[in-house]
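Everything below belongs to upload_28.csv, which stores CSV, C-alpha atoms.
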chain,number,residue,atom,x,y,z
M,1,MET,CA,48.2,12.6,10.8
M,2,SER,CA,45.8,11.3,8.2
M,3,SER,CA,47.0,10.5,4.7
M,4,GLY,CA,43.7,11.8,3.2
M,5,ARG,CA,42.7,8.3,1.9
M,6,PRO,CA,39.4,6.9,3.1
M,7,ARG,CA,39.5,4.1,5.6
M,8,PRO,CA,38.6,0.7,4.4
M,9,THR,CA,35.0,-0.1,5.0
M,10,PRO,CA,34.8,-2.3,8.1
M,11,LEU,CA,32.9,-5.6,8.0
M,12,TRP,CA,30.6,-4.6,10.9
M,13,PHE,CA,29.4,-1.5,8.9
M,14,GLU,CA,28.7,-3.6,5.8
M,15,LEU,CA,26.8,-6.2,7.8
M,16,TRP,CA,24.9,-3.5,9.7
M,17,MET,CA,23.9,-1.6,6.6
M,18,GLY,CA,22.9,-4.9,4.9
M,19,ALA,CA,20.7,-5.7,7.9
M,20,ILE,CA,19.1,-2.2,7.8
M,21,THR,CA,18.6,-2.5,4.0
M,22,THR,CA,16.9,-5.9,4.4
M,23,VAL,CA,14.6,-4.6,7.1
M,24,ILE,CA,13.7,-1.5,4.9
M,25,ALA,CA,13.1,-3.7,1.9
M,26,LEU,CA,10.7,-5.9,3.9
M,27,LEU,CA,8.9,-2.9,5.3
M,28,CYS,CA,8.6,-1.4,1.8
M,29,ALA,CA,7.2,-4.6,0.4
M,30,ALA,CA,4.7,-5.0,3.3
M,31,LEU,CA,3.6,-1.4,2.9
M,32,CYS,CA,3.1,-1.8,-0.9
M,33,TRP,CA,1.0,-4.8,-0.2
M,34,GLU,CA,-1.1,-3.0,2.5
M,35,LEU,CA,-1.6,-0.1,0.1
M,36,ALA,CA,-2.5,-2.4,-2.9
M,37,ALA,CA,-4.9,-4.5,-0.8
M,38,GLN,CA,-6.5,-1.5,1.0
M,39,GLY,CA,-5.2,-2.8,4.3
M,40,SER,CA,-6.3,-1.6,7.7
M,41,PHE,CA,-5.4,1.8,8.9
M,42,PRO,CA,-3.5,0.6,12.0
M,43,ALA,CA,-1.4,-1.7,9.9
M,44,LYS,CA,-0.5,1.1,7.5
M,45,VAL,CA,0.4,3.4,10.5
M,46,LEU,CA,2.6,0.8,12.1
M,47,LEU,CA,4.4,0.2,8.8
M,48,TRP,CA,4.9,3.9,8.2
M,49,VAL,CA,6.2,4.5,11.7
M,50,GLY,CA,8.5,1.4,11.5
M,51,LEU,CA,9.8,2.6,8.1
M,52,SER,CA,10.4,6.1,9.5
M,53,VAL,CA,12.4,4.9,12.5
M,54,VAL,CA,14.5,2.4,10.5
M,55,GLY,CA,14.9,5.0,7.7
M,56,LEU,CA,16.3,7.6,10.1
M,57,VAL,CA,18.8,5.1,11.5
M,58,ALA,CA,19.7,4.2,7.9
M,59,ILE,CA,20.3,7.9,7.0
M,60,VAL,CA,22.5,8.5,10.1
M,61,PHE,CA,24.6,5.5,9.2
M,62,ALA,CA,24.6,6.4,5.5
M,63,ILE,CA,26.1,9.8,6.3
M,64,LEU,CA,28.7,8.1,8.5
M,65,GLY,CA,29.5,5.6,5.7
M,66,LEU,CA,29.8,8.3,3.1
M,67,ILE,CA,32.0,10.7,5.2
M,68,ARG,CA,34.1,8.2,7.0
M,69,TYR,CA,34.5,5.2,4.7
M,70,HIS,CA,33.4,6.6,1.3
M,71,ALA,CA,31.2,3.5,1.0
M,72,VAL,CA,28.7,4.9,-1.6
M,73,LEU,CA,26.9,1.7,-2.6
M,74,VAL,CA,26.5,0.3,0.9
M,75,SER,CA,25.5,3.7,2.3
M,76,LEU,CA,23.0,4.8,-0.3
M,77,THR,CA,21.0,1.5,-1.0
M,78,ALA,CA,18.6,1.9,2.0
M,79,PRO,CA,17.8,5.6,1.4
M,80,LEU,CA,17.3,4.9,-2.3
M,81,LEU,CA,14.8,2.1,-1.5
M,82,ILE,CA,12.9,4.6,0.6
M,83,ALA,CA,13.0,7.2,-2.2
M,84,ALA,CA,11.7,4.5,-4.7
M,85,LEU,CA,8.9,3.7,-2.3
M,86,ALA,CA,8.0,7.4,-2.0
M,87,ALA,CA,7.8,7.7,-5.8
M,88,LEU,CA,5.6,4.6,-6.0
M,89,VAL,CA,3.3,5.9,-3.4
M,90,TRP,CA,3.2,9.4,-4.9
M,91,TYR,CA,2.1,8.0,-8.3
M,92,GLU,CA,-0.3,5.5,-6.6
M,93,VAL,CA,1.4,2.5,-8.2
M,94,PRO,CA,0.5,0.0,-5.4
M,95,GLU,CA,-3.2,1.0,-5.5
M,96,THR,CA,-3.3,0.9,-9.3
M,97,THR,CA,-1.5,-2.4,-9.5
M,98,GLY,CA,-3.9,-3.9,-6.9
M,99,TRP,CA,-6.9,-2.7,-8.8
M,100,ARG,CA,-5.6,-4.1,-12.2
M,101,LEU,CA,-4.9,-7.5,-10.6
M,102,SER,CA,-8.3,-7.6,-8.9
M,103,ARG,CA,-10.7,-6.1,-11.5
M,104,PRO,CA,-11.2,-9.2,-13.7
M,105,ILE,CA,-12.0,-11.3,-10.7
M,106,LEU,CA,-14.3,-8.7,-9.2
M,107,GLU,CA,-16.1,-8.4,-12.6
M,108,ASP,CA,-16.6,-12.1,-12.8
M,109,GLN,CA,-18.1,-12.2,-9.3
M,110,ALA,CA,-20.3,-9.1,-10.0
M,111,THR,CA,-22.3,-11.0,-12.7
M,112,ALA,CA,-23.6,-13.4,-10.1
M,113,CYS,CA,-23.3,-11.0,-7.1
M,114,ALA,CA,-23.5,-13.9,-4.7
M,115,ASN,CA,-22.2,-13.5,-1.2
M,116,PRO,CA,-19.9,-16.4,-0.3
M,117,GLY,CA,-21.0,-16.2,3.3
M,118,HIS,CA,-17.5,-15.5,4.8
M,119,ARG,CA,-14.5,-13.4,4.3
M,120,THR,CA,-12.8,-14.2,1.0
M,121,ARG,CA,-10.0,-12.8,-1.0
M,122,LEU,CA,-10.8,-11.6,-4.5
M,123,GLY,CA,-7.6,-10.5,-6.2
M,124,VAL,CA,-5.7,-8.6,-3.6
M,125,TYR,CA,-8.7,-7.4,-1.7
M,126,THR,CA,-10.3,-9.1,1.4
M,127,VAL,CA,-14.0,-9.0,0.7
M,128,THR,CA,-16.2,-9.3,3.8
M,129,TYR,CA,-19.6,-9.1,2.2
M,130,ILE,CA,-21.2,-9.0,-1.3
M,131,THR,CA,-24.7,-7.8,-1.9
M,132,ARG,CA,-27.0,-6.2,-4.5
M,133,ARG,CA,-28.2,-2.6,-3.7
M,134,ASP,CA,-29.2,0.4,-5.7
M,135,GLY,CA,-28.9,-1.5,-9.0
M,136,ALA,CA,-25.3,-2.4,-8.3
M,137,CYS,CA,-23.2,-5.2,-6.9
M,138,LEU,CA,-21.5,-4.0,-3.7
M,139,PHE,CA,-18.2,-5.5,-2.5
M,140,TYR,CA,-17.5,-4.6,1.1
M,141,VAL,CA,-13.7,-4.7,1.7
M,142,SER,CA,-11.9,-4.8,5.0
M,143,GLY,CA,-9.8,-1.9,6.0
M,144,GLY,CA,-12.4,0.8,6.8
M,145,ALA,CA,-11.9,2.5,10.1
M,146,THR,CA,-15.5,3.0,11.3
M,147,ASP,CA,-17.7,3.1,8.2
M,148,SER,CA,-18.2,0.2,5.7
M,149,GLU,CA,-16.5,0.8,2.4
M,150,GLY,CA,-15.8,-0.9,-0.8
M,151,PHE,CA,-16.4,-1.2,-4.6
M,152,ALA,CA,-19.7,-0.9,-6.4
M,153,TYR,CA,-20.3,-2.3,-9.9
M,154,PHE,CA,-23.0,-0.4,-11.9
M,155,PRO,CA,-23.1,-2.2,-15.3
M,156,ASP,CA,-26.1,-0.4,-16.7
M,157,SER,CA,-26.6,3.0,-15.0
M,158,ALA,CA,-24.6,5.4,-12.9
M,159,PRO,CA,-25.7,6.2,-9.3
M,160,SER,CA,-26.1,9.7,-7.9
M,161,THR,CA,-22.7,10.6,-6.5
M,162,GLY,CA,-21.7,12.5,-3.4
M,163,PRO,CA,-21.0,11.9,0.3
M,164,ALA,CA,-23.3,9.6,2.3
M,165,GLY,CA,-25.9,10.9,4.6
M,166,PRO,CA,-26.5,9.4,8.0
M,167,GLY,CA,-27.3,5.7,7.5
M,168,GLY,CA,-26.9,6.0,3.8
M,169,ILE,CA,-24.4,5.1,1.1
M,170,GLY,CA,-22.2,7.7,-0.8
M,171,TYR,CA,-20.8,6.8,-4.2
M,172,GLU,CA,-17.8,8.3,-5.9
M,173,PRO,CA,-16.8,7.5,-9.5
M,174,PHE,CA,-13.8,5.2,-9.7
M,175,ARG,CA,-13.1,3.6,-13.1
M,176,GLY,CA,-15.7,3.0,-15.8
M,177,PRO,CA,-18.7,1.2,-14.3
M,178,TRP,CA,-16.9,0.9,-11.0
M,179,TYR,CA,-17.6,3.3,-8.0
M,180,ARG,CA,-16.1,3.5,-4.6
M,181,PHE,CA,-18.7,3.7,-1.8
M,182,VAL,CA,-18.8,4.5,1.9
M,183,GLU,CA,-21.8,3.4,4.0
M,184,ASN,CA,-22.3,5.4,7.2
M,185,THR,CA,-23.4,3.1,10.0

For this file, write the structure as C-alpha coordinates.
Amino acid sequence: MSSGRPRPTPLWFELWMGAITTVIALLCAALCWELAAQGSFPAKVLLWVGLSVVGLVAIVFAILGLIRYHAVLVSLTAPLLIAALAALVWYEVPETTGWRLSRPILEDQATACANPGHRTRLGVYTVTYITRRDGACLFYVSGGATDSEGFAYFPDSAPSTGPAGPGGIGYEPFRGPWYRFVENT
(Lines of atoms letter the chains of each structure in order from A and count residues from 1; the text may use other names and numbers.)
(Lines give C-alpha, C1' and ligand atoms only; values in the text may rest on other atoms or scores of the structure.)
Protein backbone atom coordinates (compact mmCIF):
# COMPACT_ATOMS: atom_id res chain seq x y z
CA MET A 1 0.00 0.00 0.00
CA SER A 2 1.20 3.50 -0.85
CA SER A 3 2.03 5.96 1.90
CA GLY A 4 0.61 8.91 -0.08
CA ARG A 5 3.97 10.61 -0.40
CA PRO A 6 5.30 11.29 -3.89
CA ARG A 7 8.12 9.11 -5.11
CA PRO A 8 11.51 10.78 -5.35
CA THR A 9 12.22 12.05 -8.85
CA PRO A 10 14.47 9.51 -10.58
CA LEU A 11 17.65 10.67 -12.27
CA TRP A 12 16.59 9.29 -15.65
CA PHE A 13 13.49 11.51 -15.59
CA GLU A 14 15.47 14.64 -14.73
CA LEU A 15 18.03 13.90 -17.47
CA TRP A 16 15.28 13.13 -20.01
CA MET A 17 13.36 16.31 -19.25
CA GLY A 18 16.61 18.28 -19.31
CA ALA A 19 17.37 16.92 -22.78
CA ILE A 20 13.84 17.66 -24.04
CA THR A 21 13.97 21.16 -22.57
CA THR A 22 17.32 21.80 -24.27
CA VAL A 23 15.98 20.63 -27.63
CA ILE A 24 12.89 22.80 -27.22
CA ALA A 25 15.00 25.83 -26.27
CA LEU A 26 17.16 25.33 -29.38
CA LEU A 27 14.10 24.92 -31.62
CA CYS A 28 12.51 28.05 -30.10
CA ALA A 29 15.71 30.06 -30.68
CA ALA A 30 16.00 28.82 -34.27
CA LEU A 31 12.35 29.61 -34.95
CA CYS A 32 12.70 33.10 -33.50
CA TRP A 33 15.69 33.68 -35.79
CA GLU A 34 13.81 32.41 -38.86
CA LEU A 35 10.85 34.65 -38.06
CA ALA A 36 13.04 37.69 -37.40
CA ALA A 37 15.15 37.14 -40.54
CA GLN A 38 12.16 36.36 -42.78
CA GLY A 39 13.55 32.88 -43.34
CA SER A 40 12.35 30.44 -45.92
CA PHE A 41 8.94 28.81 -45.68
CA PRO A 42 10.30 25.22 -45.66
CA ALA A 43 12.66 26.04 -42.78
CA LYS A 44 9.82 27.54 -40.75
CA VAL A 45 7.59 24.53 -41.43
CA LEU A 46 10.32 22.09 -40.38
CA LEU A 47 10.96 24.02 -37.17
CA TRP A 48 7.23 24.22 -36.33
CA VAL A 49 6.77 20.49 -36.99
CA GLY A 50 9.85 19.62 -34.94
CA LEU A 51 8.70 21.84 -32.09
CA SER A 52 5.23 20.30 -32.22
CA VAL A 53 6.53 16.74 -32.04
CA VAL A 54 9.04 17.42 -29.27
CA GLY A 55 6.47 19.57 -27.49
CA LEU A 56 3.92 16.74 -27.44
CA VAL A 57 6.54 14.38 -26.02
CA ALA A 58 7.40 17.01 -23.40
CA ILE A 59 3.76 17.43 -22.41
CA VAL A 60 3.26 13.68 -22.01
CA PHE A 61 6.31 13.41 -19.78
CA ALA A 62 5.39 16.61 -17.94
CA ILE A 63 2.03 15.09 -17.00
CA LEU A 64 3.82 11.93 -15.88
CA GLY A 65 6.28 13.97 -13.81
CA LEU A 66 3.56 16.02 -12.17
CA ILE A 67 1.33 13.10 -11.30
CA ARG A 68 3.87 10.46 -10.40
CA TYR A 69 6.82 12.43 -8.99
CA HIS A 70 5.35 15.88 -8.20
CA ALA A 71 8.37 17.34 -10.03
CA VAL A 72 6.88 20.72 -10.83
CA LEU A 73 9.96 22.65 -12.02
CA VAL A 74 11.42 19.85 -14.11
CA SER A 75 8.04 19.01 -15.61
CA LEU A 76 6.83 22.49 -16.48
CA THR A 77 9.98 24.13 -17.88
CA ALA A 78 9.58 22.81 -21.45
CA PRO A 79 5.84 23.59 -21.74
CA LEU A 80 6.48 27.08 -20.33
CA LEU A 81 9.16 27.67 -22.99
CA ILE A 82 6.64 26.76 -25.68
CA ALA A 83 4.04 29.06 -24.10
CA ALA A 84 6.60 31.90 -24.02
CA LEU A 85 7.40 31.32 -27.71
CA ALA A 86 3.68 31.35 -28.53
CA ALA A 87 3.30 34.72 -26.77
CA LEU A 88 6.34 36.14 -28.59
CA VAL A 89 5.00 34.99 -31.96
CA TRP A 90 1.48 36.22 -31.18
CA TYR A 91 2.79 39.73 -30.44
CA GLU A 92 5.22 39.56 -33.41
CA VAL A 93 8.24 40.18 -31.20
CA PRO A 94 10.76 38.33 -33.43
CA GLU A 95 9.65 40.22 -36.56
CA THR A 96 9.64 43.58 -34.79
CA THR A 97 13.04 42.95 -33.22
CA GLY A 98 14.48 41.88 -36.58
CA TRP A 99 13.19 45.06 -38.18
CA ARG A 100 14.49 47.31 -35.40
CA LEU A 101 17.93 45.75 -35.66
CA SER A 102 18.00 46.00 -39.46
CA ARG A 103 16.34 49.34 -40.21
CA PRO A 104 19.38 51.59 -39.60
CA ILE A 105 21.56 49.44 -41.86
CA LEU A 106 18.89 49.31 -44.57
CA GLU A 107 18.42 53.10 -44.43
CA ASP A 108 22.18 53.62 -44.80
CA GLN A 109 22.21 51.33 -47.84
CA ALA A 110 19.09 52.98 -49.30
CA THR A 111 20.86 56.32 -49.74
CA ALA A 112 23.27 54.84 -52.30
CA CYS A 113 20.93 52.03 -53.38
CA ALA A 114 23.87 50.15 -54.88
CA ASN A 115 23.57 46.43 -55.55
CA PRO A 116 26.54 44.58 -54.00
CA GLY A 117 26.32 41.99 -56.78
CA HIS A 118 25.85 39.01 -54.49
CA ARG A 119 23.77 37.87 -51.57
CA THR A 120 24.58 39.87 -48.51
CA ARG A 121 23.30 40.16 -44.98
CA LEU A 122 21.95 43.54 -43.95
CA GLY A 123 20.96 43.38 -40.32
CA VAL A 124 19.16 40.08 -39.90
CA TYR A 125 17.90 39.92 -43.50
CA THR A 126 19.59 38.11 -46.35
CA VAL A 127 19.33 40.54 -49.26
CA THR A 128 19.61 38.96 -52.69
CA TYR A 129 19.33 42.09 -54.84
CA ILE A 130 19.08 45.89 -54.47
CA THR A 131 17.74 48.17 -57.21
CA ARG A 132 15.99 51.48 -57.87
CA ARG A 133 12.45 51.27 -59.20
CA ASP A 134 9.32 53.41 -59.04
CA GLY A 135 11.21 56.14 -57.16
CA ALA A 136 12.26 53.77 -54.39
CA CYS A 137 15.16 51.60 -53.37
CA LEU A 138 14.04 47.98 -53.39
CA PHE A 139 15.68 45.34 -51.20
CA TYR A 140 14.84 41.83 -52.34
CA VAL A 141 15.07 39.43 -49.42
CA SER A 142 15.31 35.67 -49.52
CA GLY A 143 12.44 33.68 -48.13
CA GLY A 144 9.75 34.19 -50.73
CA ALA A 145 8.13 30.99 -51.93
CA THR A 146 7.46 31.77 -55.60
CA ASP A 147 7.27 35.54 -55.97
CA SER A 148 10.06 37.99 -55.19
CA GLU A 149 9.47 40.05 -52.09
CA GLY A 150 11.22 42.54 -49.87
CA PHE A 151 11.35 46.08 -48.52
CA ALA A 152 10.99 49.30 -50.50
CA TYR A 153 12.24 52.65 -49.22
CA PHE A 154 10.29 55.65 -50.53
CA PRO A 155 11.99 58.70 -48.96
CA ASP A 156 10.02 61.37 -50.84
CA SER A 157 6.68 60.03 -52.02
CA ALA A 158 4.34 57.16 -51.36
CA PRO A 159 3.57 54.59 -54.05
CA SER A 160 0.13 53.44 -55.02
CA THR A 161 -0.63 50.48 -52.79
CA GLY A 162 -2.42 47.25 -53.43
CA PRO A 163 -1.79 43.76 -54.71
CA ALA A 164 0.48 43.23 -57.69
CA GLY A 165 -0.90 42.50 -61.10
CA PRO A 166 0.68 39.91 -63.39
CA GLY A 167 4.34 40.80 -63.85
CA GLY A 168 4.01 43.86 -61.59
CA ILE A 169 4.88 44.98 -58.09
CA GLY A 170 2.38 45.46 -55.28
CA TYR A 171 3.26 47.72 -52.36
CA GLU A 172 1.82 47.66 -48.85
CA PRO A 173 2.64 50.27 -46.17
CA PHE A 174 5.04 48.98 -43.54
CA ARG A 175 6.59 51.63 -41.29
CA GLY A 176 7.06 55.29 -42.17
CA PRO A 177 8.72 55.60 -45.59
CA TRP A 178 9.14 51.81 -45.75
CA TYR A 179 6.84 49.51 -47.71
CA ARG A 180 6.67 45.77 -48.17
CA PHE A 181 6.48 44.66 -51.78
CA VAL A 182 5.72 41.52 -53.74
CA GLU A 183 6.76 41.22 -57.35
CA ASN A 184 4.83 38.67 -59.39
CA THR A 185 7.12 36.83 -61.75

* Hey, which of M:Phe61, M:Trp12, M:Trp178, M:Trp90 ends up closest to Ser157 (chain M)? Count only C-alpha atoms. -> M:Trp178

* Asked: Just how far from CA of Pro166 (chain M) is CA of Ala110 (chain M), in Å to one decimal?
  ->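 These two atoms are separated by 26.5 Å.
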
* Gly150 (chain M): which residues within 9 Å, counting only C-alpha atoms, same-chain residues fewer than 4 positions away excluded, as a count of residues only? -> 12

* **Polymer residues at most 10 Å from Cys113 (chain M), all atoms listed in the file, same-chain spacing of 2 or more positions, as a PyMOL selection string** => chain M and resi 106-111+115-116+130-132+136-139+153

Neighbour residues at most 9 Å from (15.3, -0.8, 5.0) (only C-alpha atoms) as a PDB file with C-alpha atoms, in the frame of the given file:
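Full text of point.pdb as output:
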ATOM      1  CA  MET M  17      23.900  -1.600   6.600  1.00  0.00           C
ATOM      2  CA  GLY M  18      22.900  -4.900   4.900  1.00  0.00           C
ATOM      3  CA  ALA M  19      20.700  -5.700   7.900  1.00  0.00           C
ATOM      4  CA  ILE M  20      19.100  -2.200   7.800  1.00  0.00           C
ATOM      5  CA  THR M  21      18.600  -2.500   4.000  1.00  0.00           C
ATOM      6  CA  THR M  22      16.900  -5.900   4.400  1.00  0.00           C
ATOM      7  CA  VAL M  23      14.600  -4.600   7.100  1.00  0.00           C
ATOM      8  CA  ILE M  24      13.700  -1.500   4.900  1.00  0.00           C
ATOM      9  CA  ALA M  25      13.100  -3.700   1.900  1.00  0.00           C
ATOM     10  CA  LEU M  26      10.700  -5.900   3.900  1.00  0.00           C
ATOM     11  CA  LEU M  27       8.900  -2.900   5.300  1.00  0.00           C
ATOM     12  CA  CYS M  28       8.600  -1.400   1.800  1.00  0.00           C
ATOM     13  CA  LEU M  51       9.800   2.600   8.100  1.00  0.00           C
ATOM     14  CA  VAL M  54      14.500   2.400  10.500  1.00  0.00           C
ATOM     15  CA  GLY M  55      14.900   5.000   7.700  1.00  0.00           C
ATOM     16  CA  ALA M  58      19.700   4.200   7.900  1.00  0.00           C
ATOM     17  CA  THR M  77      21.000   1.500  -1.000  1.00  0.00           C
ATOM     18  CA  ALA M  78      18.600   1.900   2.000  1.00  0.00           C
ATOM     19  CA  PRO M  79      17.800   5.600   1.400  1.00  0.00           C
ATOM     20  CA  LEU M  81      14.800   2.100  -1.500  1.00  0.00           C
ATOM     21  CA  ILE M  82      12.900   4.600   0.600  1.00  0.00           C
TER      22      ILE M  82
END

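With all atoms listed in the file as the basis for measurement, M:Thr9 is the residue among M:Asp156, M:Gly50, M:Thr9, M:Val93 that approaches Leu66 (chain M) most closely.
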
* Between M:Glu34, M:Ala158, M:Trp16, M:Ser75, which is the closest to Ile63 (chain M) once you count only C-alpha atoms? -> M:Ser75

* Selection near region 119-126 of chain M, 8 Å with only C-alpha atoms, sequence-local residues under 5 positions removed, as a ChimeraX atom specification -> /M:36-38,98-99,101-103,105-106,141-142

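Here CA of Ala71 (chain M) stands at a distance of 28.3 Å from CA of Val89 (chain M).
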